[in-house]
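entry_9.tsv follows; it contains TSV, C-alpha atoms.
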```
chain	number	residue	atom	x	y	z
A	1	MET	CA	0.00	0.00	0.00
A	2	SER	CA	1.35	3.41	-0.95
A	3	SER	CA	2.11	6.03	1.65
A	4	LYS	CA	-0.50	8.34	0.11
A	5	LYS	CA	-3.24	5.68	0.34
A	6	SER	CA	-2.24	4.87	3.94
A	7	LYS	CA	-2.57	8.53	4.94
A	8	THR	CA	-5.97	8.73	3.24
A	9	ILE	CA	-7.26	5.67	5.10
A	10	ILE	CA	-5.99	7.03	8.43
A	11	ARG	CA	-7.74	10.35	7.79
A	12	VAL	CA	-11.02	8.55	6.97
A	13	VAL	CA	-10.78	6.39	10.10
A	14	LEU	CA	-10.09	9.44	12.27
A	15	ALA	CA	-12.99	11.33	10.69
A	16	ILE	CA	-15.36	8.42	11.31
A	17	GLY	CA	-14.13	8.18	14.89
A	18	THR	CA	-14.71	11.88	15.44
A	19	ILE	CA	-18.24	11.75	14.01
A	20	THR	CA	-19.07	8.63	16.03
A	21	SER	CA	-17.79	10.20	19.23
A	22	LEU	CA	-20.19	13.10	18.82
A	23	PHE	CA	-23.07	10.74	19.57
A	24	PHE	CA	-21.61	10.18	23.04
A	25	VAL	CA	-20.76	13.79	23.83
A	26	PRO	CA	-22.93	15.31	26.58
A	27	TRP	CA	-24.69	17.90	24.46
A	28	ILE	CA	-25.54	20.08	27.43
A	29	ILE	CA	-21.79	20.51	28.02
A	30	LEU	CA	-21.33	21.59	24.40
A	31	LYS	CA	-24.31	23.92	24.68
A	32	ALA	CA	-22.92	25.53	27.82
A	33	SER	CA	-19.46	25.89	26.32
A	34	LEU	CA	-20.33	27.05	22.82
A	35	MET	CA	-23.14	29.53	23.42
A	36	PRO	CA	-22.06	33.08	22.54
A	37	LEU	CA	-20.49	34.79	25.52
A	38	PRO	CA	-22.93	37.38	26.91
A	39	ASP	CA	-21.89	40.93	27.67
A	40	THR	CA	-22.70	40.91	31.37
A	41	VAL	CA	-22.24	38.68	34.41
A	42	GLN	CA	-25.97	38.78	35.15
A	43	GLU	CA	-26.81	37.43	31.69
A	44	GLN	CA	-24.46	34.49	32.22
A	45	VAL	CA	-25.84	33.89	35.71
A	46	ASN	CA	-29.38	33.85	34.28
A	47	ARG	CA	-28.38	31.09	31.85
A	48	ALA	CA	-27.56	28.73	34.72
A	49	THR	CA	-31.21	27.92	35.26
A	50	GLY	CA	-31.45	26.65	31.69
A	51	LEU	CA	-28.59	24.25	32.39
A	52	GLY	CA	-30.34	22.45	35.20
A	53	PHE	CA	-29.46	24.54	38.24
A	54	ASP	CA	-32.31	25.48	40.55
A	55	GLY	CA	-30.40	28.45	41.92
A	56	ILE	CA	-27.10	30.30	41.63
A	57	ILE	CA	-25.32	33.06	43.57
A	58	VAL	CA	-22.28	34.98	42.37
A	59	TYR	CA	-20.19	37.54	44.25
A	60	VAL	CA	-17.60	39.72	42.47
A	61	ASP	CA	-15.09	41.86	44.32
A	62	LYS	CA	-12.84	43.85	42.01
A	63	LYS	CA	-10.21	45.88	43.84
A	64	GLY	CA	-11.18	49.55	43.91
A	65	ASN	CA	-14.85	48.88	43.09
A	66	GLU	CA	-17.89	48.20	45.25
A	67	PRO	CA	-18.63	44.44	45.48
A	68	GLU	CA	-21.29	43.20	43.08
A	69	PHE	CA	-23.94	40.59	43.83
A	70	PHE	CA	-25.78	38.39	41.34
A	71	ALA	CA	-28.41	35.66	41.60
A	72	ALA	CA	-30.85	33.69	39.48
A	73	GLY	CA	-33.31	30.86	39.98
A	74	TYR	CA	-34.65	29.81	43.35
A	75	LYS	CA	-33.54	29.78	46.94
A	76	ASN	CA	-36.38	27.32	47.49
A	77	LYS	CA	-37.97	25.84	44.38
A	78	GLU	CA	-40.98	24.30	46.16
A	79	GLU	CA	-42.06	27.64	47.56
A	80	LYS	CA	-40.81	29.57	44.53
A	81	ILE	CA	-38.65	31.82	46.70
A	82	PRO	CA	-36.17	33.62	44.42
A	83	ALA	CA	-32.46	33.25	45.01
A	84	ASP	CA	-30.87	36.16	46.82
A	85	PRO	CA	-27.08	36.69	46.88
A	86	HIS	CA	-27.16	37.24	50.66
A	87	TYR	CA	-28.49	33.81	51.60
A	88	ILE	CA	-26.25	31.46	53.62
A	89	PHE	CA	-24.70	28.50	51.83
A	90	LYS	CA	-22.99	25.28	52.93
A	91	ILE	CA	-19.40	25.75	51.75
A	92	ALA	CA	-18.21	22.14	52.25
A	93	SER	CA	-14.48	21.67	51.58
A	94	VAL	CA	-13.83	25.40	51.18
A	95	SER	CA	-13.69	25.31	54.98
A	96	LYS	CA	-10.26	23.63	54.69
A	97	LEU	CA	-8.82	27.07	53.89
A	98	TYR	CA	-9.91	28.36	57.30
A	99	HIS	CA	-8.47	25.30	59.04
A	100	ALA	CA	-5.17	25.65	57.17
A	101	VAL	CA	-4.94	29.30	58.24
A	102	ALA	CA	-5.62	28.21	61.82
A	103	ILE	CA	-2.78	25.68	61.55
A	104	ALA	CA	-0.39	28.39	60.28
A	105	LYS	CA	-1.34	30.65	63.17
A	106	LEU	CA	-0.90	27.91	65.77
A	107	VAL	CA	2.47	26.96	64.32
A	108	ARG	CA	3.50	30.61	64.46
A	109	GLU	CA	2.38	30.69	68.10
A	110	ASN	CA	4.48	27.55	68.79
A	111	GLN	CA	1.38	25.63	69.85
A	112	LEU	CA	1.73	23.17	66.96
A	113	SER	CA	4.62	21.69	65.02
A	114	LEU	CA	4.22	20.67	61.39
A	115	ASP	CA	6.78	17.93	61.89
A	116	LYS	CA	5.20	16.18	64.85
A	117	ASN	CA	3.31	13.04	63.92
A	118	LEU	CA	-0.26	11.90	64.32
A	119	ALA	CA	0.63	9.48	67.12
A	120	ASP	CA	2.24	12.35	69.04
A	121	TYR	CA	-0.91	14.44	68.89
A	122	LEU	CA	-3.52	11.66	69.13
A	123	PRO	CA	-1.80	8.67	70.76
A	124	GLU	CA	-5.05	6.73	70.96
A	125	LEU	CA	-4.90	6.33	67.17
A	126	LYS	CA	-1.58	4.49	67.24
A	127	GLY	CA	-2.33	1.05	65.80
A	128	ARG	CA	-5.77	2.20	64.60
A	129	ILE	CA	-4.48	4.33	61.70
A	130	GLU	CA	-1.67	2.74	59.73
A	131	ASN	CA	1.61	4.68	59.85
A	132	ALA	CA	0.36	7.02	62.58
A	133	GLU	CA	3.92	7.36	63.87
A	134	ALA	CA	5.19	8.48	60.45
A	135	ILE	CA	2.34	10.77	59.33
A	136	THR	CA	3.23	14.38	60.15
A	137	LEU	CA	0.82	17.26	60.60
A	138	ARG	CA	2.30	18.79	57.45
A	139	MET	CA	1.40	15.65	55.47
A	140	MET	CA	-2.18	15.77	56.70
A	141	VAL	CA	-2.59	19.45	55.77
A	142	GLN	CA	-1.21	18.70	52.30
A	143	HIS	CA	-3.18	15.46	51.73
A	144	ARG	CA	0.02	13.40	51.60
A	145	SER	CA	-0.74	11.13	54.55
A	146	GLY	CA	-2.15	8.07	52.78
A	147	ILE	CA	-5.06	7.93	55.22
A	148	PRO	CA	-8.22	6.70	53.42
A	149	ASN	CA	-10.96	9.24	52.72
A	150	TYR	CA	-14.06	8.43	54.77
A	151	THR	CA	-16.37	9.97	52.13
A	152	ASP	CA	-15.07	7.39	49.64
A	153	THR	CA	-16.55	4.52	51.63
A	154	TYR	CA	-19.30	2.64	49.79
A	155	MET	CA	-22.53	4.63	49.41
A	156	TYR	CA	-21.37	7.21	51.94
A	157	TRP	CA	-23.54	10.04	50.65
A	158	ALA	CA	-26.68	7.89	50.67
A	159	ALA	CA	-26.67	8.23	54.46
A	160	PRO	CA	-23.86	10.57	55.58
A	161	LYS	CA	-22.75	10.45	59.19
A	162	GLU	CA	-23.46	13.38	61.48
A	163	THR	CA	-20.49	13.21	63.85
A	164	ALA	CA	-16.72	13.19	63.53
A	165	GLU	CA	-16.58	10.00	65.60
A	166	GLU	CA	-18.85	8.16	63.18
A	167	ASN	CA	-16.84	9.36	60.18
A	168	LEU	CA	-13.51	8.42	61.74
A	169	ALA	CA	-14.81	4.95	62.58
A	170	LEU	CA	-15.21	4.29	58.85
A	171	VAL	CA	-11.43	4.34	58.27
A	172	LEU	CA	-10.03	2.98	61.52
A	173	ASP	CA	-8.01	-0.24	61.14
A	174	GLN	CA	-7.96	0.17	57.35
A	175	LEU	CA	-4.83	-0.17	55.22
A	176	ALA	CA	-3.17	3.05	54.12
A	177	ASN	CA	-3.57	4.04	50.48
A	178	PHE	CA	0.16	4.78	50.22
A	179	ALA	CA	3.21	5.32	52.42
A	180	PRO	CA	3.25	8.74	54.14
A	181	GLY	CA	4.75	11.51	52.02
A	182	THR	CA	5.11	9.40	48.86
A	183	ASP	CA	1.98	10.51	47.01
A	184	TYR	CA	-0.97	12.90	47.03
A	185	GLU	CA	-4.61	11.95	47.51
A	186	TYR	CA	-7.35	14.27	48.67
A	187	SER	CA	-8.81	12.93	51.91
A	188	ASN	CA	-11.40	14.55	54.14
A	189	THR	CA	-10.14	12.35	56.96
A	190	ASN	CA	-6.98	14.48	57.12
A	191	TYR	CA	-8.98	17.55	58.09
A	192	LEU	CA	-11.23	15.63	60.45
A	193	LEU	CA	-8.04	14.67	62.31
A	194	ILE	CA	-6.61	18.20	62.04
A	195	ASP	CA	-9.77	19.51	63.68
A	196	ARG	CA	-9.33	17.00	66.48
A	197	ILE	CA	-5.67	17.91	66.93
A	198	ILE	CA	-6.46	21.62	67.18
A	199	GLN	CA	-9.15	20.94	69.78
A	200	ARG	CA	-6.81	18.70	71.76
A	201	VAL	CA	-4.07	21.34	71.83
A	202	LEU	CA	-6.35	24.29	72.58
A	203	GLY	CA	-8.76	22.59	74.92
A	204	TYR	CA	-11.74	24.13	73.16
A	205	ASP	CA	-13.58	24.00	69.82
A	206	THR	CA	-11.65	24.70	66.62
A	207	PHE	CA	-14.32	27.04	65.29
A	208	ASP	CA	-14.01	29.20	68.40
A	209	TYR	CA	-10.36	29.72	67.48
A	210	ILE	CA	-11.29	30.46	63.85
A	211	GLN	CA	-13.88	32.93	65.11
A	212	ALA	CA	-11.42	34.75	67.37
A	213	LYS	CA	-8.37	34.73	65.10
A	214	ILE	CA	-9.90	34.97	61.60
A	215	LEU	CA	-13.56	35.94	61.48
A	216	ASP	CA	-13.72	38.62	64.17
A	217	PRO	CA	-10.60	40.54	62.99
A	218	LEU	CA	-12.03	40.56	59.46
A	219	GLN	CA	-15.51	41.48	60.76
A	220	LEU	CA	-17.09	38.45	59.11
A	221	LYS	CA	-20.42	38.08	60.85
A	222	ASN	CA	-22.10	35.64	58.45
A	223	THR	CA	-19.82	32.60	58.69
A	224	TYR	CA	-20.96	29.71	60.87
A	225	ALA	CA	-19.70	26.40	62.25
A	226	SER	CA	-22.78	24.33	61.39
A	227	ILE	CA	-26.43	24.33	60.41
A	228	GLN	CA	-27.30	24.38	64.13
A	229	ASP	CA	-25.88	27.89	64.49
A	230	VAL	CA	-28.07	29.66	61.91
A	231	ASP	CA	-31.66	30.57	61.25
A	232	ILE	CA	-32.67	27.80	58.87
A	233	ASP	CA	-34.84	30.23	56.89
A	234	ASP	CA	-31.69	32.12	55.90
A	235	VAL	CA	-30.06	29.04	54.34
A	236	MET	CA	-30.28	28.41	50.60
A	237	SER	CA	-32.02	25.12	49.87
A	238	GLY	CA	-29.94	22.32	48.39
A	239	TYR	CA	-31.08	19.73	45.86
A	240	TYR	CA	-29.84	16.47	44.37
A	241	VAL	CA	-31.04	15.49	40.91
A	242	GLY	CA	-33.74	12.83	41.18
A	243	TYR	CA	-34.26	13.35	44.93
A	244	GLU	CA	-37.19	15.47	46.03
A	245	GLY	CA	-36.03	16.44	49.53
A	246	ASP	CA	-34.40	19.71	50.60
A	247	LEU	CA	-30.85	18.90	51.73
A	248	LYS	CA	-30.36	22.08	53.74
A	249	TYR	CA	-31.80	20.28	56.79
A	250	ASP	CA	-29.04	17.64	56.78
A	251	ASN	CA	-26.67	18.21	59.68
A	252	ILE	CA	-23.35	16.93	58.33
A	253	ASP	CA	-21.03	19.21	60.31
A	254	VAL	CA	-20.00	21.64	57.56
A	255	MET	CA	-19.35	25.37	57.71
A	256	LEU	CA	-21.73	27.88	56.16
A	257	ALA	CA	-21.22	31.42	54.91
A	258	THR	CA	-22.66	34.07	52.67
A	259	ALA	CA	-20.88	34.66	49.37
A	260	GLU	CA	-19.84	38.09	50.65
A	261	ASP	CA	-18.25	36.72	53.83
A	262	LEU	CA	-16.42	34.04	51.87
A	263	GLY	CA	-15.30	36.59	49.30
A	264	LYS	CA	-13.89	38.89	51.97
A	265	PHE	CA	-12.01	35.96	53.48
A	266	ILE	CA	-10.54	34.98	50.09
A	267	ARG	CA	-9.45	38.59	49.55
A	268	ALA	CA	-7.80	38.71	52.99
A	269	LEU	CA	-6.13	35.34	52.41
A	270	ASN	CA	-4.62	36.46	49.12
A	271	ASP	CA	-3.59	39.98	50.13
A	272	GLY	CA	-2.11	38.67	53.38
A	273	SER	CA	-4.29	40.67	55.75
A	274	VAL	CA	-5.62	37.50	57.41
A	275	PHE	CA	-2.11	36.81	58.72
A	276	LYS	CA	-0.42	38.29	61.78
A	277	ASP	CA	2.88	38.87	59.97
A	278	GLU	CA	5.02	37.74	57.04
A	279	LYS	CA	6.32	34.73	58.97
A	280	GLU	CA	2.80	33.46	59.51
A	281	GLN	CA	2.01	33.89	55.81
A	282	GLU	CA	5.22	32.08	54.87
A	283	ILE	CA	4.14	29.14	57.00
A	284	TYR	CA	0.76	29.09	55.29
A	285	SER	CA	2.27	29.33	51.81
A	286	SER	CA	4.47	26.34	52.59
A	287	ILE	CA	1.51	24.10	53.43
A	288	TYR	CA	-1.64	25.00	51.51
A	289	ARG	CA	-3.32	26.71	48.59
A	290	TYR	CA	-5.06	30.10	48.25
A	291	GLU	CA	-8.29	28.97	46.58
A	292	HIS	CA	-10.72	26.08	46.93
A	293	THR	CA	-13.86	24.37	45.72
A	294	GLY	CA	-16.58	22.63	47.66
A	295	LEU	CA	-18.99	19.83	46.79
A	296	ILE	CA	-21.55	17.98	48.89
A	297	PRO	CA	-25.08	16.85	48.00
A	298	GLY	CA	-27.07	20.01	47.29
A	299	TYR	CA	-24.18	22.46	47.34
A	300	GLN	CA	-21.33	23.37	44.99
A	301	SER	CA	-18.94	26.27	45.45
A	302	ILE	CA	-15.91	27.86	43.83
A	303	ALA	CA	-13.86	30.46	45.71
A	304	LYS	CA	-10.93	32.04	43.87
A	305	TYR	CA	-8.87	35.20	43.53
A	306	HIS	CA	-7.80	36.19	40.01
A	307	LYS	CA	-4.57	38.15	40.26
A	308	ASP	CA	-4.51	39.39	36.66
A	309	ILE	CA	-7.73	41.36	37.20
A	310	ASP	CA	-7.33	41.73	40.98
A	311	THR	CA	-10.78	40.22	41.49
A	312	VAL	CA	-12.32	37.68	43.85
A	313	VAL	CA	-15.17	35.66	42.38
A	314	ILE	CA	-17.37	33.35	44.45
A	315	GLN	CA	-19.95	31.08	42.84
A	316	PHE	CA	-22.58	28.96	44.60
A	317	THR	CA	-25.02	26.58	42.88
A	318	ASN	CA	-27.59	24.54	44.78
A	319	THR	CA	-28.22	21.57	42.48
A	320	VAL	CA	-25.91	18.55	42.44
A	321	ASP	CA	-25.67	15.27	40.53
A	322	PHE	CA	-22.62	13.11	41.27
A	323	GLU	CA	-23.47	10.81	38.37
A	324	GLY	CA	-23.90	13.46	35.68
A	325	TYR	CA	-22.23	16.54	34.24
A	326	ASN	CA	-23.40	18.90	36.93
A	327	TRP	CA	-19.97	19.83	38.31
A	328	SER	CA	-18.57	20.35	34.81
A	329	LEU	CA	-21.41	22.76	34.06
A	330	HIS	CA	-20.73	24.56	37.33
A	331	GLU	CA	-17.09	25.06	36.27
A	332	ILE	CA	-18.03	26.10	32.73
A	333	ILE	CA	-20.34	28.81	34.05
A	334	TYR	CA	-17.61	30.04	36.39
A	335	ASN	CA	-14.96	30.11	33.67
A	336	ARG	CA	-17.28	32.04	31.37
A	337	LEU	CA	-17.91	34.57	34.12
A	338	ILE	CA	-14.17	35.10	34.40
A	339	LYS	CA	-13.94	35.61	30.62
A	340	ILE	CA	-16.66	38.25	30.81
A	341	LEU	CA	-14.88	40.05	33.66
A	342	LYS	CA	-11.55	39.99	31.85
A	343	LYS	CA	-13.17	41.21	28.64
A	344	ASN	CA	-14.85	44.08	30.48
A	345	ASN	CA	-11.59	44.83	32.29
A	346	SER	CA	-9.61	45.35	29.09
```
Will you turn the file into structure tokens for me?
Amino acid sequence: MSSKKSKTIIRVVLAIGTITSLFFVPWIILKASLMPLPDTVQEQVNRATGLGFDGIIVYVDKKGNEPEFFAAGYKNKEEKIPADPHYIFKIASVSKLYHAVAIAKLVRENQLSLDKNLADYLPELKGRIENAEAITLRMMVQHRSGIPNYTDTYMYWAAPKETAEENLALVLDQLANFAPGTDYEYSNTNYLLIDRIIQRVLGYDTFDYIQAKILDPLQLKNTYASIQDVDIDDVMSGYYVGYEGDLKYDNIDVMLATAEDLGKFIRALNDGSVFKDEKEQEIYSSIYRYEHTGLIPGYQSIAKYHKDIDTVVIQFTNTVDFEGYNWSLHEIIYNRLIKILKKNNS
């Protein structure tokens, strides 16, 4: 067979493969990605409801400008209560940023050491968590411990546990996923243990420390430890595709905040004003990141600072589907919002 004929056949095969693959592409993803970019943030926010989200909140803080608030859809779809950008939202794993800042502060205060191990801090876990004597606090903060993630246990989110003790019990006496410090794997168990370590060292609740050292100095009055600490009517409802219940009532021990409070915290984290001094910020920079996302049934969040336009953008959506394209759509909307802001900034 000639080289020319071979190339022709290869091109035909590739073309057929491309056409065939289009039948398996999630068209809603293509729709969300390829629609013409609107001129304003509000127009893009409005489109979220056509992509399957019951409600969306967006907060934009551009340095030198007044913060802007955007919302579309419903806070509560059963009662047809419109979404409002000032409602409280479950921020899920975004709370790890607050805990990492607390760790940096406690290290700076010489109350914690990043190089002490889990068995030093929680000796009762020696023999219950593999490699407890070799897993350092630094490894736990950075998700390099190898400790299994309790939310990865079979069907966890079908009936999530309500207490730290119940969650920890799911991974006790289990084999490590890898040797400490040799790999990276995101594990919520790390931060469950970090919370316990902070409480053990301080002698009081971790959130009380976060309140005193982070929230109060920044005058953040709409950030809370759990659903038990808020007026439930102020919380945005959360939904899971195919499930009719309102997930805001689930008490799964997660922090809550308004988009504005979270945005102010992200600004302070990135400009350094959340830290006592440069040394404290250096400690933080050596252990954790400056942005985060959050995902639990009913609640998705993205919290980031965009240095090139000096802008913090927070996005909350209250409809989740672990089995579908829901998170991808959430990210697409966010990325398009950033494009609009950059376009308008030029």
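Shortest atom-to-atom contact with Glu331 of chain A among A:Asn318, A:Ser145, A:Thr293, A:Ser346: A:Thr293, counting all atoms listed in the file.
Straight-line separation from atom CA of Met35 of chain A to atom CA of Thr317 of chain A: 19.8 Å.
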Item checked: Nearby residues (all atoms listed in the file) at most 9 Å from Leu220 of chain A, same-chain spacing under 2 positions excluded, as a list of chain:residue names -> A:Gln211, A:Ile214, A:Leu215, A:Asp216, A:Pro217, A:Leu218, A:Asn222, A:Thr223, A:Glu260, A:Asp261, A:Leu262, A:Lys264, A:Phe265
Next item on the list: Rank nothing, just name the residue among A:Asn335, A:Asn344, A:Gln111, A:Ser95 nearest to Ile210 of chain A, using all atoms listed in the file.
Entry: A:Ser95
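Comparing the minimum interatomic distances between Phe178 of chain A and each of A:Thr319, A:Ser93, A:Asn131, A:Asn76, counting only C-alpha atoms, we find that A:Asn131 sits nearest.
Minimum atom-to-atom distances from A:Ala212, A:Gly127, A:Val58, A:Arg144 to Leu175 of chain A were compared using all atoms listed in the file, and the lowest value belongs to A:Gly127.
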Next item on the list: Excluding Leu192 of chain A and any residue of its chain fewer than 6 positions from it, enumerate the residues within 9 Å of it, using all atoms listed in the file, and give them as a PyMOL selection string.
Entry: chain A and resi 164+167-168
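Distances to Val107 of chain A were evaluated for A:Asp173, A:Ile28, A:Tyr243, A:Tyr284 using all atoms listed in the file, and the minimum falls at A:Tyr284.
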